[in-house]
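Text of data_13.csv (CSV, C-alpha atoms) as supplied:
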chain,number,residue,atom,x,y,z
G,8,MET,CA,47.8,-53.9,4.1
G,9,THR,CA,50.8,-56.0,5.1
G,10,ARG,CA,50.8,-56.1,8.9
G,11,PRO,CA,53.8,-54.3,10.3
G,12,THR,CA,56.0,-56.1,12.8
G,13,SER,CA,57.3,-52.9,14.4
G,14,THR,CA,56.5,-49.2,14.7
G,15,ASP,CA,57.7,-46.1,16.5
G,16,VAL,CA,54.4,-45.2,18.1
G,17,LEU,CA,51.8,-48.0,18.8
G,18,VAL,CA,48.4,-46.7,19.7
G,19,VAL,CA,46.0,-49.4,21.2
G,20,GLY,CA,42.4,-48.3,21.0
G,21,ALA,CA,40.8,-46.3,18.2
G,22,GLY,CA,38.2,-44.3,20.1
G,23,PRO,CA,38.4,-40.5,20.1
G,24,ALA,CA,41.5,-40.5,22.3
G,25,GLY,CA,43.5,-43.1,20.4
G,26,SER,CA,42.5,-41.8,17.0
G,27,ALA,CA,43.4,-38.2,18.0
G,28,ALA,CA,46.8,-39.4,19.3
G,29,ALA,CA,47.5,-41.4,16.1
G,30,ALA,CA,46.5,-38.4,13.9
G,31,TRP,CA,48.7,-35.9,15.8
G,32,CYS,CA,51.6,-38.3,15.9
G,33,ALA,CA,51.4,-39.0,12.2
G,34,ARG,CA,51.1,-35.3,11.4
G,35,ALA,CA,54.3,-34.8,13.5
G,36,GLY,CA,56.1,-37.2,11.2
G,37,LEU,CA,56.2,-40.2,13.7
G,38,ASP,CA,55.8,-43.7,12.3
G,39,THR,CA,52.4,-44.6,13.9
G,40,LEU,CA,50.2,-47.7,14.0
G,41,LEU,CA,46.6,-47.6,15.4
G,42,VAL,CA,45.2,-50.9,16.5
G,43,ASP,CA,41.7,-51.7,17.8
G,44,ALA,CA,40.0,-54.9,18.9
G,45,GLN,CA,36.8,-54.2,17.0
G,46,VAL,CA,36.0,-54.0,13.3
G,47,PHE,CA,34.7,-50.5,12.3
G,48,PRO,CA,32.2,-49.1,12.4
G,49,ARG,CA,31.4,-50.3,15.9
G,50,ASP,CA,29.2,-48.9,18.7
G,51,LYS,CA,30.2,-47.5,22.0
G,52,THR,CA,28.1,-46.7,25.1
G,53,CYS,CA,28.0,-42.9,25.3
G,54,GLY,CA,25.7,-40.0,25.4
G,55,ASP,CA,27.1,-38.8,22.0
G,56,GLY,CA,27.1,-35.2,23.2
G,57,LEU,CA,29.9,-32.9,22.0
G,58,THR,CA,30.5,-29.9,24.3
G,59,PRO,CA,32.3,-26.7,23.1
G,60,ARG,CA,35.4,-28.2,24.6
G,61,ALA,CA,35.2,-31.2,22.4
G,62,ILE,CA,34.2,-29.1,19.4
G,63,GLY,CA,37.3,-27.0,19.9
G,64,GLU,CA,39.5,-30.1,19.7
G,65,LEU,CA,37.7,-31.5,16.6
G,66,MET,CA,38.1,-28.1,14.9
G,67,ARG,CA,41.9,-28.4,15.5
G,68,LEU,CA,41.7,-31.6,13.6
G,69,GLY,CA,40.0,-29.8,10.7
G,70,LEU,CA,36.5,-31.1,11.3
G,71,GLU,CA,34.4,-27.9,11.7
G,72,ASP,CA,32.6,-28.3,8.3
G,73,TRP,CA,31.9,-32.0,8.9
G,74,LEU,CA,30.4,-31.2,12.3
G,75,ARG,CA,28.3,-28.3,11.0
G,76,ALA,CA,26.8,-30.8,8.5
G,77,HIS,CA,25.4,-32.6,11.6
G,78,THR,CA,23.3,-31.1,14.3
G,79,VAL,CA,24.4,-27.9,16.0
G,80,ASN,CA,23.1,-26.9,19.5
G,81,HIS,CA,23.1,-23.6,21.4
G,82,GLY,CA,23.4,-25.0,24.9
G,83,LEU,CA,21.5,-26.8,27.6
G,84,ARG,CA,17.8,-27.0,28.4
G,85,ALA,CA,17.8,-27.8,32.2
G,86,HIS,CA,14.7,-29.4,33.7
G,87,GLY,CA,14.0,-30.1,37.3
G,88,PHE,CA,12.1,-29.2,40.5
G,89,GLY,CA,9.3,-27.5,38.6
G,90,GLN,CA,11.7,-25.3,36.5
G,91,THR,CA,13.0,-25.3,32.9
G,92,LEU,CA,15.9,-23.0,32.1
G,93,LEU,CA,17.6,-22.4,28.7
G,94,LEU,CA,21.4,-22.0,29.4
G,95,PRO,CA,23.4,-21.0,26.3
G,96,TRP,CA,27.0,-22.2,25.9
G,97,PRO,CA,29.1,-19.3,27.4
G,98,THR,CA,30.8,-16.7,25.2
G,99,LEU,CA,33.6,-15.0,27.1
G,100,PRO,CA,36.3,-12.5,25.9
G,101,ASP,CA,39.3,-14.5,27.2
G,102,ASN,CA,37.9,-17.9,26.3
G,103,ASP,CA,39.0,-19.6,23.1
G,104,LEU,CA,36.3,-22.3,23.2
G,105,PRO,CA,33.6,-22.1,20.5
G,106,SER,CA,30.0,-21.2,21.6
G,107,TRP,CA,28.2,-24.2,20.1
G,108,GLY,CA,27.9,-27.9,20.6
G,109,SER,CA,26.8,-30.9,18.6
G,110,ALA,CA,26.0,-34.6,19.0
G,111,VAL,CA,27.1,-37.4,16.7
G,112,ALA,CA,26.5,-41.1,17.3
G,113,ARG,CA,29.7,-42.8,18.3
G,114,THR,CA,29.3,-45.4,15.6
G,115,GLU,CA,29.8,-42.6,13.1
G,116,LEU,CA,32.1,-40.3,15.1
G,117,ASP,CA,34.7,-43.0,16.0
G,118,ASP,CA,34.8,-44.4,12.5
G,119,HIS,CA,35.3,-40.9,11.1
G,120,LEU,CA,38.1,-40.0,13.5
G,121,ARG,CA,39.8,-43.3,12.7
G,122,THR,CA,39.7,-42.4,9.0
G,123,ILE,CA,41.1,-39.0,9.9
G,124,ALA,CA,44.1,-40.7,11.6
G,125,ILE,CA,44.6,-42.8,8.5
G,126,LYS,CA,44.4,-39.8,6.2
G,127,SER,CA,46.9,-38.1,8.5
G,128,GLY,CA,49.4,-40.9,7.8
G,129,ALA,CA,48.9,-43.5,10.5
G,130,LEU,CA,48.5,-47.1,9.6
G,131,ALA,CA,45.5,-48.9,11.1
G,132,LEU,CA,44.8,-52.5,12.1
G,133,GLU,CA,41.3,-53.6,13.3
G,134,GLY,CA,40.0,-56.8,14.8
G,135,ALA,CA,43.3,-57.4,16.8
G,136,ARG,CA,43.0,-57.6,20.6
G,137,ALA,CA,45.9,-56.7,22.9
G,138,VAL,CA,46.5,-59.6,25.3
G,139,GLY,CA,50.0,-59.2,26.6
G,140,VAL,CA,53.2,-57.2,26.7
G,141,ARG,CA,56.8,-58.1,26.3
G,142,MET,CA,59.1,-56.0,28.5
G,143,ASP,CA,62.7,-55.0,28.1
G,144,GLY,CA,63.5,-54.0,31.7
G,145,ALA,CA,61.2,-51.1,32.5
G,146,ARG,CA,60.2,-50.5,28.9
G,147,VAL,CA,57.5,-52.0,26.7
G,148,ALA,CA,59.3,-53.8,23.9
G,149,ALA,CA,56.3,-55.3,22.2
G,150,VAL,CA,52.5,-55.8,22.5
G,151,GLU,CA,51.0,-59.3,22.0
G,152,PHE,CA,47.8,-59.5,20.0
G,153,THR,CA,45.3,-62.1,18.9
G,154,SER,CA,43.1,-61.9,15.8
G,155,GLY,CA,40.9,-64.9,15.3
G,156,ASP,CA,43.0,-68.0,15.8
G,157,GLU,CA,46.2,-66.1,15.1
G,158,SER,CA,48.6,-64.7,17.7
G,159,PHE,CA,51.4,-62.2,16.9
G,160,GLU,CA,53.3,-59.3,18.4
G,161,ILE,CA,54.2,-55.8,17.3
G,162,GLU,CA,57.4,-54.1,18.6
G,163,CYS,CA,57.2,-50.5,19.4
G,164,SER,CA,59.5,-47.7,20.7
G,165,ARG,CA,56.5,-46.0,22.4
G,166,LEU,CA,53.1,-47.2,23.4
G,167,VAL,CA,49.9,-45.2,23.9
G,168,VAL,CA,47.1,-47.1,25.7
G,169,ALA,CA,43.7,-45.8,24.8
G,170,ASP,CA,41.6,-49.0,25.3
G,171,GLY,CA,38.7,-47.5,27.3
G,172,VAL,CA,37.3,-47.5,30.8
G,173,ARG,CA,38.2,-51.1,31.6
G,174,SER,CA,41.7,-50.8,30.0
G,175,PRO,CA,42.8,-54.4,29.9
G,176,LEU,CA,46.2,-53.4,28.5
G,177,GLY,CA,46.5,-50.8,31.2
G,178,LYS,CA,45.9,-53.4,33.9
G,179,LEU,CA,48.7,-55.5,32.5
G,180,LEU,CA,51.0,-52.5,32.9
G,181,GLY,CA,49.8,-51.8,36.5
G,182,ARG,CA,46.9,-49.5,36.1
G,183,GLU,CA,44.6,-49.5,39.2
G,184,TRP,CA,41.2,-48.0,39.5
G,185,HIS,CA,40.4,-46.5,42.9
G,186,ARG,CA,36.7,-46.7,43.7
G,187,ASP,CA,36.8,-44.8,46.9
G,188,THR,CA,36.3,-41.6,44.8
G,189,VAL,CA,33.1,-41.0,42.8
G,190,TYR,CA,32.4,-43.0,39.6
G,191,GLY,CA,29.5,-43.2,37.2
G,192,VAL,CA,27.0,-45.8,36.2
G,193,ALA,CA,25.2,-44.9,33.0
G,194,GLY,CA,23.0,-46.3,30.2
G,195,ARG,CA,21.9,-45.0,26.9
G,196,ALA,CA,19.7,-46.0,23.9
G,197,TYR,CA,18.4,-44.5,20.7
G,198,VAL,CA,14.8,-43.7,19.9
G,199,THR,CA,12.8,-42.0,17.1
G,200,SER,CA,11.9,-38.4,18.0
G,201,GLY,CA,10.0,-35.5,16.4
G,202,MET,CA,12.5,-33.3,18.2
G,203,SER,CA,15.6,-34.8,16.6
G,204,ASP,CA,16.5,-31.3,15.2
G,205,ASP,CA,16.0,-29.5,18.5
G,206,PRO,CA,18.8,-26.9,18.9
G,207,TRP,CA,19.1,-27.6,22.6
G,208,ILE,CA,20.4,-30.6,24.5
G,209,SER,CA,18.2,-31.5,27.4
G,210,SER,CA,19.1,-32.7,30.9
G,211,HIS,CA,16.7,-33.6,33.7
G,212,LEU,CA,18.5,-32.8,36.9
G,213,GLU,CA,15.6,-34.2,39.0
G,214,LEU,CA,16.0,-37.9,38.3
G,215,ARG,CA,13.4,-40.1,40.1
G,216,GLY,CA,12.8,-43.8,40.3
G,217,GLU,CA,9.6,-45.7,39.7
G,218,ASP,CA,8.6,-45.2,43.4
G,219,GLY,CA,9.1,-41.5,43.1
G,220,GLU,CA,12.4,-41.5,45.1
G,221,ILE,CA,15.0,-38.9,44.1
G,222,LEU,CA,18.2,-40.4,42.7
G,223,SER,CA,21.8,-38.9,42.6
G,224,GLY,CA,22.1,-38.5,38.9
G,225,TYR,CA,20.4,-37.1,35.8
G,226,GLY,CA,18.7,-38.0,32.6
G,227,TRP,CA,19.4,-36.7,29.2
G,228,ILE,CA,18.0,-36.3,25.7
G,229,PHE,CA,20.5,-35.3,23.0
G,230,PRO,CA,19.1,-34.6,19.5
G,231,LEU,CA,21.1,-36.2,16.7
G,232,GLY,CA,19.5,-34.6,13.7
G,233,THR,CA,18.9,-38.0,12.1
G,234,GLY,CA,15.3,-38.5,13.2
G,235,GLU,CA,16.5,-40.0,16.5
G,236,VAL,CA,17.7,-38.8,19.9
G,237,ASN,CA,20.2,-40.3,22.3
G,238,VAL,CA,18.3,-40.9,25.6
G,239,GLY,CA,20.0,-42.0,28.8
G,240,VAL,CA,20.5,-41.8,32.5
G,241,GLY,CA,23.5,-41.6,34.7
G,242,THR,CA,24.0,-41.9,38.4
G,243,LEU,CA,26.9,-41.4,40.7
G,244,ALA,CA,28.4,-43.8,43.3
G,245,THR,CA,31.4,-44.5,45.5
G,246,SER,CA,32.6,-47.7,47.2
G,247,LYS,CA,30.8,-46.4,50.4
G,248,ARG,CA,27.6,-45.5,48.6
G,249,PRO,CA,27.3,-47.9,45.6
G,250,ALA,CA,24.6,-47.3,43.0
G,251,LYS,CA,21.5,-49.4,44.0
G,252,ILE,CA,19.7,-49.1,40.7
G,253,ALA,CA,19.1,-51.2,37.6
G,254,VAL,CA,20.2,-48.8,34.9
G,255,LYS,CA,18.4,-50.2,31.8
G,256,PRO,CA,15.0,-50.4,33.6
G,257,LEU,CA,15.5,-46.9,34.9
G,258,MET,CA,16.4,-45.7,31.4
G,259,SER,CA,13.2,-47.2,30.1
G,260,PHE,CA,11.1,-45.6,32.8
G,261,TYR,CA,12.8,-42.2,32.2
G,262,ALA,CA,12.1,-42.4,28.4
G,263,ALA,CA,8.5,-43.3,29.1
G,264,GLN,CA,8.1,-40.2,31.2
G,265,ARG,CA,9.4,-38.0,28.3
G,266,ARG,CA,7.6,-39.6,25.4
G,267,ASP,CA,4.9,-36.9,24.9
G,268,GLU,CA,7.1,-33.9,25.7
G,269,PHE,CA,9.9,-35.0,23.3
G,270,GLN,CA,7.7,-36.8,20.7
G,271,LEU,CA,9.4,-40.1,21.3
G,272,THR,CA,7.9,-43.0,19.3
G,273,GLY,CA,8.7,-46.7,19.0
G,274,PRO,CA,10.9,-48.8,21.2
G,275,LEU,CA,14.3,-47.9,22.6
G,276,ARG,CA,17.0,-49.2,20.2
G,277,MET,CA,20.5,-50.5,21.1
G,278,PRO,CA,20.3,-50.0,24.9
G,279,THR,CA,23.7,-50.4,26.6
G,280,SER,CA,25.2,-49.5,30.0
G,281,ALA,CA,28.7,-49.0,31.4
G,282,LEU,CA,30.7,-48.1,34.5
G,283,LEU,CA,32.8,-45.0,34.3
G,284,PRO,CA,36.0,-44.3,36.3
G,285,MET,CA,36.1,-40.5,36.7
G,286,GLY,CA,38.3,-37.7,37.8
G,287,GLY,CA,41.7,-39.3,37.4
G,288,ALA,CA,40.8,-42.0,39.9
G,289,VAL,CA,43.6,-44.3,38.6
G,290,SER,CA,47.2,-44.9,39.4
G,291,GLY,CA,49.8,-46.3,37.1
G,292,VAL,CA,49.2,-44.0,34.1
G,293,ALA,CA,52.7,-44.0,32.6
G,294,GLY,CA,56.0,-45.8,32.4
G,295,ASP,CA,59.3,-45.2,30.7
G,296,ASN,CA,57.9,-45.4,27.2
G,297,TRP,CA,54.1,-45.8,27.6
G,298,ALA,CA,51.2,-43.7,28.7
G,299,LEU,CA,47.4,-44.1,29.3
G,300,ILE,CA,45.1,-41.5,27.8
G,301,GLY,CA,41.4,-40.7,27.7
G,302,ASP,CA,39.0,-43.1,29.5
G,303,ALA,CA,41.9,-45.5,30.3
G,304,ALA,CA,43.3,-42.7,32.5
G,305,ALA,CA,39.9,-42.0,34.0
G,306,CYS,CA,39.8,-38.6,32.2
G,307,VAL,CA,36.0,-38.3,32.6
G,308,ASN,CA,34.3,-35.3,34.1
G,309,PRO,CA,32.7,-36.3,37.5
G,310,LEU,CA,30.0,-33.7,37.2
G,311,ASN,CA,28.6,-34.6,33.8
G,312,GLY,CA,30.1,-37.8,32.7
G,313,GLU,CA,31.8,-36.2,29.6
G,314,GLY,CA,34.9,-37.9,28.3
G,315,ILE,CA,35.2,-37.2,24.6
G,316,ASP,CA,36.7,-33.8,25.1
G,317,TYR,CA,39.4,-35.1,27.5
G,318,GLY,CA,40.1,-38.1,25.2
G,319,LEU,CA,40.7,-35.7,22.2
G,320,GLU,CA,42.9,-33.4,24.4
G,321,THR,CA,45.0,-36.1,25.9
G,322,GLY,CA,45.5,-37.6,22.5
G,323,ARG,CA,47.0,-34.3,21.3
G,324,PHE,CA,49.0,-33.7,24.5
G,325,VAL,CA,50.7,-37.1,24.5
G,326,ALA,CA,51.6,-36.7,20.8
G,327,GLU,CA,53.2,-33.3,21.6
G,328,ILE,CA,55.3,-34.9,24.3
G,329,MET,CA,56.5,-37.7,22.0
G,330,ALA,CA,57.1,-35.3,19.1
G,331,ALA,CA,59.3,-33.2,21.4
G,332,GLY,CA,61.2,-36.3,22.5
G,333,GLY,CA,60.0,-36.2,26.1
G,334,THR,CA,60.1,-39.1,28.6
G,335,LEU,CA,56.6,-40.3,29.2
G,336,GLY,CA,57.2,-41.8,32.6
G,337,THR,CA,57.9,-38.4,34.2
G,338,ALA,CA,56.3,-36.0,31.7
G,339,TRP,CA,52.9,-37.6,31.3
G,340,PRO,CA,51.7,-37.7,34.9
G,341,GLN,CA,52.9,-34.1,35.3
G,342,VAL,CA,50.9,-33.0,32.2
G,343,LEU,CA,47.7,-34.8,33.4
G,344,ARG,CA,48.0,-33.1,36.9
G,345,GLU,CA,48.8,-29.7,35.3
G,346,HIS,CA,45.8,-29.7,33.0
G,347,TYR,CA,43.2,-31.7,35.1
G,348,GLY,CA,44.4,-32.2,38.7
G,349,GLU,CA,42.7,-29.3,40.4
G,350,SER,CA,39.5,-29.3,38.4
G,351,PHE,CA,39.1,-33.1,38.7
G,352,SER,CA,39.8,-32.9,42.5
G,353,ILE,CA,37.0,-30.3,43.2
G,354,ALA,CA,34.7,-31.8,40.7
G,355,ARG,CA,34.8,-35.3,42.2
G,356,ARG,CA,34.5,-33.8,45.7
G,357,LEU,CA,31.3,-32.0,44.6
G,358,ALA,CA,30.1,-35.1,42.8
G,359,GLY,CA,30.7,-37.2,45.9
G,360,VAL,CA,28.4,-34.9,47.8
G,361,ALA,CA,25.8,-35.4,45.1
G,362,THR,CA,25.8,-39.2,45.8
G,363,VAL,CA,23.6,-38.4,48.8
G,364,PRO,CA,20.0,-38.0,47.5
G,365,GLN,CA,19.0,-35.9,50.4
G,366,VAL,CA,21.6,-33.2,49.4
G,367,VAL,CA,20.2,-33.2,45.8
G,368,ALA,CA,16.7,-32.8,47.2
G,369,ALA,CA,17.7,-30.0,49.5
G,370,LEU,CA,19.8,-28.0,47.1
G,371,GLY,CA,18.3,-28.7,43.7
G,372,PRO,CA,15.2,-26.5,44.0
G,373,ALA,CA,17.2,-23.5,45.1
G,374,GLY,CA,19.7,-23.9,42.3
G,375,MET,CA,17.0,-24.3,39.6
G,376,ARG,CA,15.3,-21.1,40.7
G,377,SER,CA,18.5,-19.1,39.8
G,378,ASP,CA,19.5,-18.5,36.2
G,379,TRP,CA,22.8,-17.1,37.4
G,380,LEU,CA,23.6,-20.2,39.6
G,381,MET,CA,22.7,-22.6,36.8
G,382,THR,CA,24.7,-20.7,34.2
G,383,LEU,CA,27.7,-20.9,36.6
G,384,ALA,CA,27.0,-24.6,37.2
G,385,LEU,CA,26.9,-25.2,33.4
G,386,ARG,CA,30.3,-23.7,33.0
G,387,TRP,CA,31.8,-25.5,35.9
G,388,MET,CA,30.1,-28.8,35.2
G,389,GLY,CA,31.0,-28.7,31.5
G,390,ASN,CA,34.6,-27.8,32.3
G,391,LEU,CA,34.2,-24.7,30.2
G,392,VAL,CA,36.8,-22.8,32.1
G,393,ASP,CA,39.7,-22.1,29.6
G,394,ASP,CA,43.3,-21.6,30.8
G,395,ALA,CA,43.1,-18.1,29.5
G,396,ASP,CA,40.0,-17.1,31.5
G,397,ARG,CA,40.5,-14.3,34.0
G,398,ASP,CA,36.9,-13.6,35.2
G,399,ARG,CA,35.6,-14.2,38.7
G,400,ALA,CA,34.0,-17.6,38.0
G,401,ALA,CA,37.2,-18.9,36.6
G,402,ARG,CA,39.2,-17.6,39.5
G,403,VAL,CA,36.8,-19.1,42.1
G,404,TRP,CA,37.0,-22.5,40.3
G,405,ARG,CA,40.8,-22.5,40.3
G,406,TRP,CA,40.9,-21.4,43.9
G,407,ALA,CA,38.5,-24.2,44.9
G,408,GLY,CA,40.5,-26.7,42.9
G,409,ARG,CA,43.8,-25.7,44.7
G,410,ARG,CA,42.2,-26.0,48.1
G,411,SER,CA,40.6,-29.3,47.2
G,412,ILE,CA,43.7,-31.1,45.8
G,413,ALA,CA,45.7,-30.0,48.9
G,414,ARG,CA,43.3,-32.0,51.0
G,415,ASP,CA,43.1,-35.1,48.8
G,416,ALA,CA,44.4,-38.3,50.4
G,417,ARG,CA,44.9,-39.6,46.9
G,418,PRO,CA,45.1,-36.7,44.3
G,419,PRO,CA,44.0,-37.4,40.7
G,420,PHE,CA,46.4,-39.7,38.9
G,421,ALA,CA,48.3,-40.6,42.1
Take the structure in the file and give it back as structure tokens.
Amino acid sequence: MTRPTSTDVLVVGAGPAGSAAAAWCARAGLDTLLVDAQVFPRDKTCGDGLTPRAIGELMRLGLEDWLRAHTVNHGLRAHGFGQTLLLPWPTLPDNDLPSWGSAVARTELDDHLRTIAIKSGALALEGARAVGVRMDGARVAAVEFTSGDESFEIECSRLVVADGVRSPLGKLLGREWHRDTVYGVAGRAYVTSGMSDDPWISSHLELRGEDGEILSGYGWIFPLGTGEVNVGVGTLATSKRPAKIAVKPLMSFYAAQRRDEFQLTGPLRMPTSALLPMGGAVSGVAGDNWALIGDAAACVNPLNGEGIDYGLETGRFVAEIMAAGGTLGTAWPQVLREHYGESFSIARRLAGVATVPQVVAALGPAGMRSDWLMTLALRWMGNLVDDADRDRAARVWRWAGRRSIARDARPPFA
């Protein structure tokens, strides 16, 4: 492909958010270029789980048959405090979300989504790292890239920044991560398992260290249907209560505890870890002709660390604004607050409470003794409250979100 020197929409970052944005922009008839620093296929630190919310977005892209050719799960198997509960994904009359989930390794998922963007009409460039911007007043006129020993720039009318949790391009544009609200520290690896086809994802809500102390976080085992599972741990922290754990050793300890129960064999493969800004805890998410989406905008659920669904959604939302000719600087923060402000506010407030291990130890056993409470928690933690839902659980969640955001010193995306 001859490298273009200009484009209407330039999308930097080809994870789920960036590829979804590129696909929807191209389908809307916009001249779109998708650029990533890595060469595909490439790995990404992630639990690989796809909740019904993520499945719904992938189905919009036409990927239902592709997903069903992978593993399909019915819901969550929750372990902790002497209890094990099977919690199916909810099926509600007013809710448009599907009632099944999946898990696909990010090496495969991201590569496939990038291909979908290309098939939708976007051009794609890999192995090119964004290192600078050229401004024309308040607007981004071009993005500067390096590829090997070569430097070049690509002019754009509009820029979508989808370069992940660290968002180096976002930082150049003024994005700031505020660590006074809760953030995540997580690690994952792959391991061979005799339960790779298990129809349930598993989470251990009673996460303990090697000395038996309870930690503010959880462990997971997500079957991939490939002979392997994704095994990982995540913990929550704030600037006042930083995570005082070594993630990779904790992950190894957690996996060793589960070897017999989940038929794990052999060593952990490809262990990685990452910090996760959560709950819209960033400012500077948009300018006159640019917007941050997905992980770059801290669109990660503070209660379960899920970000793929938000990445896919924000990719579609930003494409809809641009296709309609909207001004990103004013429209994009408003869209983020409208869709996620209240739920992120209450979720990060609850997650902040969970950074205190004593609270987890006190409330965990009572919660695990109640199927009803845990079913409610699954729905809230998984952000499975659709805009159309009118049941009591949805009304309570929205009420709590409104009360929470009214008390925030710094609301999400502010």
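Distance annotation: of G:Leu391, G:Ile328, G:Val403, G:Leu212, the residue with the minimal separation from Pro364 (chain G) is G:Leu212; atom set is all atoms listed in the file.
Put simply, CA of Gly63 (chain G) is 17.4 Å away from CA of Ala124 (chain G).
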Compare G:Tyr197, G:Arg386, G:Gly291, G:Tyr190 by their minimum atom-to-atom distance to Asn102 (chain G), counting all atoms listed in the file, and give me the closest one.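 For Asn102 (chain G), the nearest of the candidates is G:Arg386.
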Best match for closeness to Gly194 (chain G) among G:Arg136, G:Arg84, G:Lys51, G:Arg146, counting all atoms listed in the file: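 Nearest to Gly194 (chain G): G:Lys51.
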Between G:Val238, G:Leu310, G:Val363, G:Val342, single out the one closest to Trp387 (chain G), counting all atoms listed in the file. G:Leu310
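Pairwise distance (CA of Ile221 (chain G), CA of Leu93 (chain G)) equals 22.7 Å.
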Find, counting all atoms listed in the file, the residue in G:Asp50, G:Glu71, G:Asp43, G:Glu220 that gets nearest to Met277 (chain G). G:Asp50
Show which residues sit within 12 Å of Ser290 (chain G), as number ranges by chain. Count all atoms listed in the file, and ignore same-chain residues fewer than 5 positions away. G: 177-178, 180-186, 284, 298-299, 303-305, 340, 343, 417-421
Residue nearest Leu257 (chain G) among G:Leu214, G:Leu243, G:Leu120, G:Ala288 (counting only C-alpha atoms): G:Leu214
From CA of Ile62 (chain G) to CA of Ala85 (chain G) the spacing works out at 20.8 Å
Ref. answer, residues at most 12 Å from (32.5, -55.7, 11.7) with only C-alpha atoms, as a VMD selection string: chain G and resid 43 to 50 114 118 133 to 134
Would you put the residues from that selection into a file with C-alpha atoms, as a PDB file, in the frame of the given file?
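The file below, part_25.pdb, is the result:
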ATOM      1  CA  ASP G  43      41.700 -51.700  17.800  1.00  0.00           C
ATOM      2  CA  ALA G  44      40.000 -54.900  18.900  1.00  0.00           C
ATOM      3  CA  GLN G  45      36.800 -54.200  17.000  1.00  0.00           C
ATOM      4  CA  VAL G  46      36.000 -54.000  13.300  1.00  0.00           C
ATOM      5  CA  PHE G  47      34.700 -50.500  12.300  1.00  0.00           C
ATOM      6  CA  PRO G  48      32.200 -49.100  12.400  1.00  0.00           C
ATOM      7  CA  ARG G  49      31.400 -50.300  15.900  1.00  0.00           C
ATOM      8  CA  ASP G  50      29.200 -48.900  18.700  1.00  0.00           C
ATOM      9  CA  THR G 114      29.300 -45.400  15.600  1.00  0.00           C
ATOM     10  CA  ASP G 118      34.800 -44.400  12.500  1.00  0.00           C
ATOM     11  CA  GLU G 133      41.300 -53.600  13.300  1.00  0.00           C
ATOM     12  CA  GLY G 134      40.000 -56.800  14.800  1.00  0.00           C
TER      13      GLY G 134
END
Leaving out region 18-23 of chain G and any residue of its chain fewer than 6 positions from it, which residues lie within 9 Å of it when counting only C-alpha atoms, given as a VMD selection string? chain G and resid 29 39 to 45 51 113 116 to 118 120 to 121 131 133 136 to 137 165 to 171 176 301 315 to 316 318 to 319 322
All residues 8 Å or closer to Ser209 (chain G), all atoms listed in the file, same chain fewer than 2 positions away omitted, as a tab-separated table (two decimals) with C-alpha atoms, in the coordinates of the input:
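Contents of part-v1.tsv, freshly written:
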chain	number	residue	atom	x	y	z
G	83	LEU	CA	21.50	-26.80	27.60
G	84	ARG	CA	17.80	-27.00	28.40
G	85	ALA	CA	17.80	-27.80	32.20
G	86	HIS	CA	14.70	-29.40	33.70
G	207	TRP	CA	19.10	-27.60	22.60
G	211	HIS	CA	16.70	-33.60	33.70
G	227	TRP	CA	19.40	-36.70	29.20
G	228	ILE	CA	18.00	-36.30	25.70
G	229	PHE	CA	20.50	-35.30	23.00
Closest contacts (region 110-195 of chain G/region 76-80 of chain G, max 12 Å, only C-alpha atoms) as a tab-separated table:
residue	atom	partner	partner_atom	distance
G:Ala110	CA	G:Thr78	CA	6.5
G:Val111	CA	G:His77	CA	7.2
G:Ala112	CA	G:His77	CA	10.3
G:Glu115	CA	G:His77	CA	11.0
G:Leu116	CA	G:His77	CA	10.8
Within 9 Å of (33.4, -33.0, 42.7) (file coordinates; all atoms listed in the file), which protein or nucleic acid residues are there? I'd like them as a list in words.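 Within the cut-off we find Val189, Gly286, Asn308, Pro309, Leu310, Ser350, Phe351, Ser352, Ile353, Ala354, Arg355, Arg356, Leu357, Ala358, Gly359, Val360 and Ala361 of chain G.
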Neighbouring residues of region 126-129 of chain G were defined as those with any atom within 12 Å, considering all atoms listed in the file; residues of the same chain fewer than 4 positions away were excluded. Please report them as a VMD selection string. chain G and resid 11 14 to 18 21 25 to 42 68 to 69 119 to 122
List the spatial neighbours of Gly336 (chain G) as JSON, numbers by chain - criterion: any atom at most 6 Å away, only C-alpha atoms, same-chain residues fewer than 4 positions off excluded. {"G": [293, 294, 295]}
Please supply region 224-228 of chain G, rebuilt with N, CA, C and O atoms, as a PDB file, in the frame of the given file.
ATOM      1  N   GLY G 224      21.691 -38.389  40.280  1.00  0.00           N
ATOM      2  CA  GLY G 224      22.100 -38.500  38.900  1.00  0.00           C
ATOM      3  C   GLY G 224      21.229 -37.608  38.027  1.00  0.00           C
ATOM      4  O   GLY G 224      20.539 -36.708  38.525  1.00  0.00           O
ATOM      5  N   TYR G 225      21.248 -37.858  36.728  1.00  0.00           N
ATOM      6  CA  TYR G 225      20.400 -37.100  35.800  1.00  0.00           C
ATOM      7  C   TYR G 225      20.089 -37.869  34.601  1.00  0.00           C
ATOM      8  O   TYR G 225      20.715 -38.895  34.298  1.00  0.00           O
ATOM      9  N   GLY G 226      19.063 -37.415  33.892  1.00  0.00           N
ATOM     10  CA  GLY G 226      18.700 -38.000  32.600  1.00  0.00           C
ATOM     11  C   GLY G 226      18.976 -37.035  31.495  1.00  0.00           C
ATOM     12  O   GLY G 226      19.016 -35.826  31.720  1.00  0.00           O
ATOM     13  N   TRP G 227      19.154 -37.551  30.286  1.00  0.00           N
ATOM     14  CA  TRP G 227      19.400 -36.700  29.200  1.00  0.00           C
ATOM     15  C   TRP G 227      18.731 -37.080  27.898  1.00  0.00           C
ATOM     16  O   TRP G 227      18.378 -38.260  27.722  1.00  0.00           O
ATOM     17  N   ILE G 228      18.509 -36.095  27.043  1.00  0.00           N
ATOM     18  CA  ILE G 228      18.000 -36.300  25.700  1.00  0.00           C
ATOM     19  C   ILE G 228      18.797 -35.420  24.761  1.00  0.00           C
ATOM     20  O   ILE G 228      18.683 -34.199  24.831  1.00  0.00           O
TER      21      ILE G 228
END
